[in-house]
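Source file: my_file15.pdb; contents: PDB, C-alpha atoms.
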```pdb
ATOM      1  CA  MET A  79      20.637   6.870   4.628
ATOM      2  CA  LYS A  80      20.855  10.135   2.708
ATOM      3  CA  ILE A  81      17.699  12.201   2.147
ATOM      4  CA  THR A  82      17.995  15.045  -0.363
ATOM      5  CA  SER A  83      15.433  17.720  -1.201
ATOM      6  CA  THR A  84      14.420  18.336  -4.809
ATOM      7  CA  GLU A  85      13.214  21.396  -6.735
ATOM      8  CA  LEU A  86       9.886  20.785  -4.979
ATOM      9  CA  SER A  87      10.819  21.424  -1.358
ATOM     10  CA  GLU A  88       8.536  18.746   0.101
ATOM     11  CA  VAL A  89       9.603  15.995  -2.311
ATOM     12  CA  PHE A  90      12.756  14.072  -1.375
ATOM     13  CA  ILE A  91      15.125  11.561  -2.931
ATOM     14  CA  VAL A  92      16.079   8.826  -0.480
ATOM     15  CA  GLU A  93      19.363   6.975  -0.949
ATOM     16  CA  PRO A  94      19.801   4.051   1.430
ATOM     17  CA  LEU A  95      23.229   3.061   2.674
ATOM     18  CA  VAL A  96      23.824  -0.331   1.071
ATOM     19  CA  HIS A  97      26.110  -2.850   2.786
ATOM     20  CA  GLU A  98      27.279  -5.393   0.202
ATOM     21  CA  ASP A  99      29.377  -8.508   0.577
ATOM     22  CA  SER A 100      29.797 -11.875  -1.125
ATOM     23  CA  ARG A 101      26.320 -12.948   0.046
ATOM     24  CA  GLY A 102      24.470  -9.969  -1.395
ATOM     25  CA  PHE A 103      23.419  -6.794   0.415
ATOM     26  CA  PHE A 104      21.585  -5.307   3.386
ATOM     27  CA  MET A 105      20.001  -1.841   3.619
ATOM     28  CA  GLU A 106      17.500   0.121   5.660
ATOM     29  CA  THR A 107      14.768   1.333   3.323
ATOM     30  CA  TYR A 108      12.933   3.401   5.932
ATOM     31  CA  ARG A 109      13.829   4.820   9.311
ATOM     32  CA  SER A 110      11.441   7.228  11.047
ATOM     33  CA  ASP A 111      14.104   9.186  12.957
ATOM     34  CA  THR A 112      16.135   9.848   9.801
ATOM     35  CA  PHE A 113      12.997  10.984   7.972
ATOM     36  CA  ALA A 114      12.028  13.191  10.951
ATOM     37  CA  ASP A 115      15.440  14.873  10.738
ATOM     38  CA  VAL A 116      14.348  16.411   7.391
ATOM     39  CA  GLY A 117      10.812  17.189   8.563
ATOM     40  CA  ILE A 118       8.998  14.068   7.337
ATOM     41  CA  ASN A 119       6.928  12.969  10.315
ATOM     42  CA  GLU A 120       4.315  10.833   8.603
ATOM     43  CA  VAL A 121       3.218   7.530  10.021
ATOM     44  CA  PHE A 122       3.166   4.916   7.286
ATOM     45  CA  VAL A 123       0.319   2.408   7.591
ATOM     46  CA  GLN A 124       0.188   0.407   4.359
ATOM     47  CA  ASP A 125       2.629  -1.055   1.838
ATOM     48  CA  ASN A 126       1.596  -1.737  -1.761
ATOM     49  CA  GLN A 127       3.412  -3.425  -4.629
ATOM     50  CA  SER A 128       2.946  -3.139  -8.383
ATOM     51  CA  TYR A 129       4.318  -5.492 -11.042
ATOM     52  CA  SER A 130       4.503  -4.566 -14.731
ATOM     53  CA  LYS A 131       5.434  -7.154 -17.350
ATOM     54  CA  GLU A 132       6.297  -4.763 -20.163
ATOM     55  CA  PRO A 133       8.604  -1.765 -20.478
ATOM     56  CA  ASN A 134       6.849   1.565 -21.165
ATOM     57  CA  THR A 135       3.996   0.738 -18.826
ATOM     58  CA  VAL A 136       2.750   4.002 -17.349
ATOM     59  CA  ARG A 137       0.812   3.978 -14.077
ATOM     60  CA  GLY A 138      -0.590   7.276 -12.856
ATOM     61  CA  LEU A 139      -0.757  10.112 -12.236
ATOM     62  CA  ASN A 140      -2.761   9.001  -9.200
ATOM     63  CA  PHE A 141      -3.411  10.448  -5.759
ATOM     64  CA  GLN A 142      -5.637  10.054  -2.724
ATOM     65  CA  LEU A 143      -7.051  13.087  -0.934
ATOM     66  CA  THR A 144      -9.462  11.383   1.481
ATOM     67  CA  PRO A 145      -7.744  10.499   3.676
ATOM     68  CA  PRO A 146      -4.655  12.361   2.458
ATOM     69  CA  MET A 147      -1.888   9.944   1.434
ATOM     70  CA  GLY A 148       1.853  10.497   1.212
ATOM     71  CA  LYS A 149       4.031   7.841  -0.408
ATOM     72  CA  ILE A 150       7.578   6.603  -0.601
ATOM     73  CA  MET A 151       8.092   4.837  -3.947
ATOM     74  CA  ARG A 152      10.933   2.447  -4.685
ATOM     75  CA  VAL A 153      11.811  -0.091  -7.347
ATOM     76  CA  THR A 154      12.511  -3.576  -6.005
ATOM     77  CA  GLN A 155      12.999  -5.223  -9.404
ATOM     78  CA  GLY A 156      13.850  -3.648 -12.744
ATOM     79  CA  SER A 157      13.890   0.090 -13.410
ATOM     80  CA  ALA A 158      11.324   2.886 -13.581
ATOM     81  CA  PHE A 159      11.008   6.627 -14.033
ATOM     82  CA  LEU A 160       9.236   7.776 -10.834
ATOM     83  CA  VAL A 161       7.272  11.049 -10.903
ATOM     84  CA  ALA A 162       5.593  13.353  -8.365
ATOM     85  CA  VAL A 163       3.418  16.338  -9.398
ATOM     86  CA  ASP A 164       2.244  19.089  -7.048
ATOM     87  CA  ILE A 165      -1.572  19.303  -7.279
ATOM     88  CA  ARG A 166      -2.131  21.485  -4.197
ATOM     89  CA  ARG A 167      -4.453  24.286  -5.243
ATOM     90  CA  GLU A 168      -2.769  27.062  -3.177
ATOM     91  CA  SER A 169       0.818  25.903  -3.722
ATOM     92  CA  PRO A 170       3.348  28.153  -5.470
ATOM     93  CA  THR A 171       4.608  25.002  -7.243
ATOM     94  CA  LEU A 172       1.159  23.825  -8.433
ATOM     95  CA  GLY A 173       1.629  21.759 -11.604
ATOM     96  CA  LYS A 174       5.395  21.382 -11.187
ATOM     97  CA  TRP A 175       6.940  17.923 -11.244
ATOM     98  CA  VAL A 176       9.999  15.946 -10.218
ATOM     99  CA  GLY A 177      11.157  12.732 -11.885
ATOM    100  CA  ILE A 178      13.977  10.311 -11.159
ATOM    101  CA  VAL A 179      15.188   7.017 -12.570
ATOM    102  CA  ALA A 180      15.101   4.438  -9.796
ATOM    103  CA  SER A 181      16.101   0.811 -10.084
ATOM    104  CA  SER A 182      16.768  -2.313  -8.108
ATOM    105  CA  GLU A 183      20.436  -1.541  -8.759
ATOM    106  CA  ASN A 184      20.647   2.108  -7.604
ATOM    107  CA  LYS A 185      18.029   1.539  -4.842
ATOM    108  CA  ILE A 186      16.992   5.207  -4.662
ATOM    109  CA  GLN A 187      13.475   6.129  -3.585
ATOM    110  CA  LEU A 188      11.133   9.079  -4.093
ATOM    111  CA  TYR A 189       9.032  10.527  -1.268
ATOM    112  CA  ALA A 190       6.120  12.911  -1.895
ATOM    113  CA  PRO A 191       3.565  13.975   0.726
ATOM    114  CA  ALA A 192      -0.193  14.155   0.365
ATOM    115  CA  GLY A 193      -1.237  16.697  -2.242
ATOM    116  CA  PHE A 194       1.002  15.227  -4.919
ATOM    117  CA  ALA A 195      -0.040  12.995  -7.812
ATOM    118  CA  ARG A 196       2.397  10.179  -8.443
ATOM    119  CA  GLY A 197       3.134   7.832 -11.263
ATOM    120  CA  PHE A 198       5.828   5.929 -13.035
ATOM    121  CA  GLN A 199       6.957   4.497 -16.344
ATOM    122  CA  THR A 200       8.684   1.133 -16.426
ATOM    123  CA  LEU A 201      11.974   1.182 -18.311
ATOM    124  CA  VAL A 202      12.595  -2.563 -18.539
ATOM    125  CA  PRO A 203      10.459  -5.734 -18.486
ATOM    126  CA  ASP A 204       9.388  -7.299 -15.190
ATOM    127  CA  THR A 205       9.530  -4.174 -13.036
ATOM    128  CA  GLU A 206       8.188  -4.064  -9.480
ATOM    129  CA  VAL A 207       7.478  -0.817  -7.624
ATOM    130  CA  THR A 208       6.559  -0.688  -3.943
ATOM    131  CA  TYR A 209       4.804   2.156  -2.151
ATOM    132  CA  LYS A 210       4.934   2.889   1.550
ATOM    133  CA  CYS A 211       1.688   4.802   2.209
ATOM    134  CA  SER A 212       0.704   7.184   5.009
ATOM    135  CA  ALA A 213      -3.022   6.375   4.766
ATOM    136  CA  PHE A 214      -5.139   3.327   4.144
ATOM    137  CA  HIS A 215      -6.466   2.933   0.606
ATOM    138  CA  ASN A 216      -9.877   4.509   0.022
ATOM    139  CA  ALA A 217     -11.208   4.099  -3.527
ATOM    140  CA  ALA A 218     -13.790   6.853  -2.951
ATOM    141  CA  GLY A 219     -11.001   9.319  -2.078
ATOM    142  CA  GLU A 220      -8.831   8.612  -5.128
ATOM    143  CA  GLY A 221      -8.264  10.764  -8.162
ATOM    144  CA  GLU A 222      -5.993  11.123 -11.139
ATOM    145  CA  VAL A 223      -4.759  13.672 -13.633
ATOM    146  CA  LEU A 224      -3.667  13.015 -17.194
ATOM    147  CA  TRP A 225      -0.184  11.519 -17.427
ATOM    148  CA  ASN A 226       0.779  13.700 -20.413
ATOM    149  CA  ASP A 227      -1.017  16.944 -19.494
ATOM    150  CA  PRO A 228       0.811  19.573 -21.583
ATOM    151  CA  ALA A 229       0.420  22.169 -18.813
ATOM    152  CA  ILE A 230       2.468  19.918 -16.505
ATOM    153  CA  GLY A 231       4.940  18.938 -19.237
ATOM    154  CA  ILE A 232       6.474  15.772 -17.814
ATOM    155  CA  VAL A 233       9.293  14.600 -20.051
ATOM    156  CA  TRP A 234       8.621  10.866 -20.065
ATOM    157  CA  PRO A 235      11.422   8.739 -21.551
ATOM    158  CA  LEU A 236       8.924   6.897 -23.762
ATOM    159  CA  PRO A 237      10.111   5.553 -27.117
ATOM    160  CA  GLY A 238       6.494   5.129 -28.278
ATOM    161  CA  GLU A 239       2.943   4.703 -27.024
ATOM    162  CA  PRO A 240       2.641   3.752 -23.370
ATOM    163  CA  ILE A 241       0.872   0.695 -22.042
ATOM    164  CA  MET A 242      -1.689   1.943 -19.525
ATOM    165  CA  SER A 243      -5.149   1.524 -18.068
ATOM    166  CA  GLU A 244      -8.139   3.215 -19.670
ATOM    167  CA  ARG A 245      -8.700   5.042 -16.391
ATOM    168  CA  ASN A 246      -5.261   6.687 -16.580
ATOM    169  CA  ARG A 247      -5.522   7.249 -20.334
ATOM    170  CA  ASN A 248      -8.820   9.121 -19.849
ATOM    171  CA  ALA A 249      -7.897  11.064 -16.703
ATOM    172  CA  PRO A 250      -8.719  14.789 -16.667
ATOM    173  CA  LEU A 251      -6.235  17.574 -17.251
ATOM    174  CA  LEU A 252      -5.012  19.161 -14.028
ATOM    175  CA  ALA A 253      -6.909  22.399 -14.796
ATOM    176  CA  ASP A 254     -10.144  20.442 -15.360
ATOM    177  CA  TRP A 255      -9.666  18.436 -12.166
ATOM    178  CA  LEU A 256      -9.014  21.633 -10.182
ATOM    179  CA  THR A 257     -12.172  23.248 -11.589
ATOM    180  CA  LYS A 258     -14.280  20.133 -11.010
ATOM    181  CA  SER A 259     -13.052  19.619  -7.439
ATOM    182  CA  GLU A 260     -13.807  23.169  -6.242
TER
END
```

Can you give me the file's structure in the form of structure tokens?
Amino acid sequence: MKITSTELSEVFIVEPLVHEDSRGFFMETYRSDTFADVGINEVFVQDNQSYSKEPNTVRGLNFQLTPPMGKIMRVTQGSAFLVAVDIRRESPTLGKWVGIVASSENKIQLYAPAGFARGFQTLVPDTEVTYKCSAFHNAAGEGEVLWNDPAIGIVWPLPGEPIMSERNRNAPLLADWLTKSE
């Protein structure tokens, strides 16, 4: 397994070692000692899975602050553009983002610790994304920021209007969320 840092020092791209043969493949998708070697010492307590029927479905930018939740995101079917945005108030990279194209074919994953909003855009029909989470879900501790906040400037590979929930479509700008959450 290869774990590589990104422009945001606490966000990592995870590339599993895939063993393929005539039957298919085998890979380790998570290994605590390998993650610890790069300073990721989180205990993961919950796995979630999302299925999107249509391409250009955007989910996010979502986060959980209470309790703080880190996530490893990976695509188990299809392809998606995975994104992490730094929303930590005192961070020198506040509002900066990282995005990668992950798929069931390339098998790469994106890890971001607590304090990052995460989201994705599906690139093909019938896409499944799984999340390994470092905290149990708490609806009262969730939040979101607007997926297309111009101050963040994510370059989504959208060919048109996204398919998304009203909650995500009406999320606050990062600056408004920061002001409101003081």

Measuring atom to atom with all atoms listed in the file, identify which of A:Val121, A:Ile241, A:Val163, A:Val92 is nearest to A:Met79.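 Selected residue with least distance to A:Met79: A:Val92.
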
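All residues of protein, DNA or RNA that reach within 8 Å of A:Pro250, judged by all atoms listed in the file and not counting those fewer than 4 positions away in the chain, are A:Glu222, A:Val223, A:Leu224, A:Asp254, A:Trp255.
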
Spatial neighbours of A:Phe113, max dist 10 Å, all atoms listed in the file, sep filter under 5 positions, as a PyMOL selection string: chain A and resi 79-81+90+92+108+118-120

State, in Å with one decimal place, the distance from atom CA of A:Asp99 to atom CA of A:Met151. 25.5 Å

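Using all atoms listed in the file for every distance, the candidate list A:Leu188, A:Ile232, A:Leu256, A:Leu172 yields A:Leu188 as the residue closest to A:Leu160.
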
Specify as a ChimeraX atom specification each residue included when the PyMOL selection byres ((chain A and resi 234) around 10) is applied to this file. /A:134,136,159-161,177,198-199,225-226,231-233,235-237,240
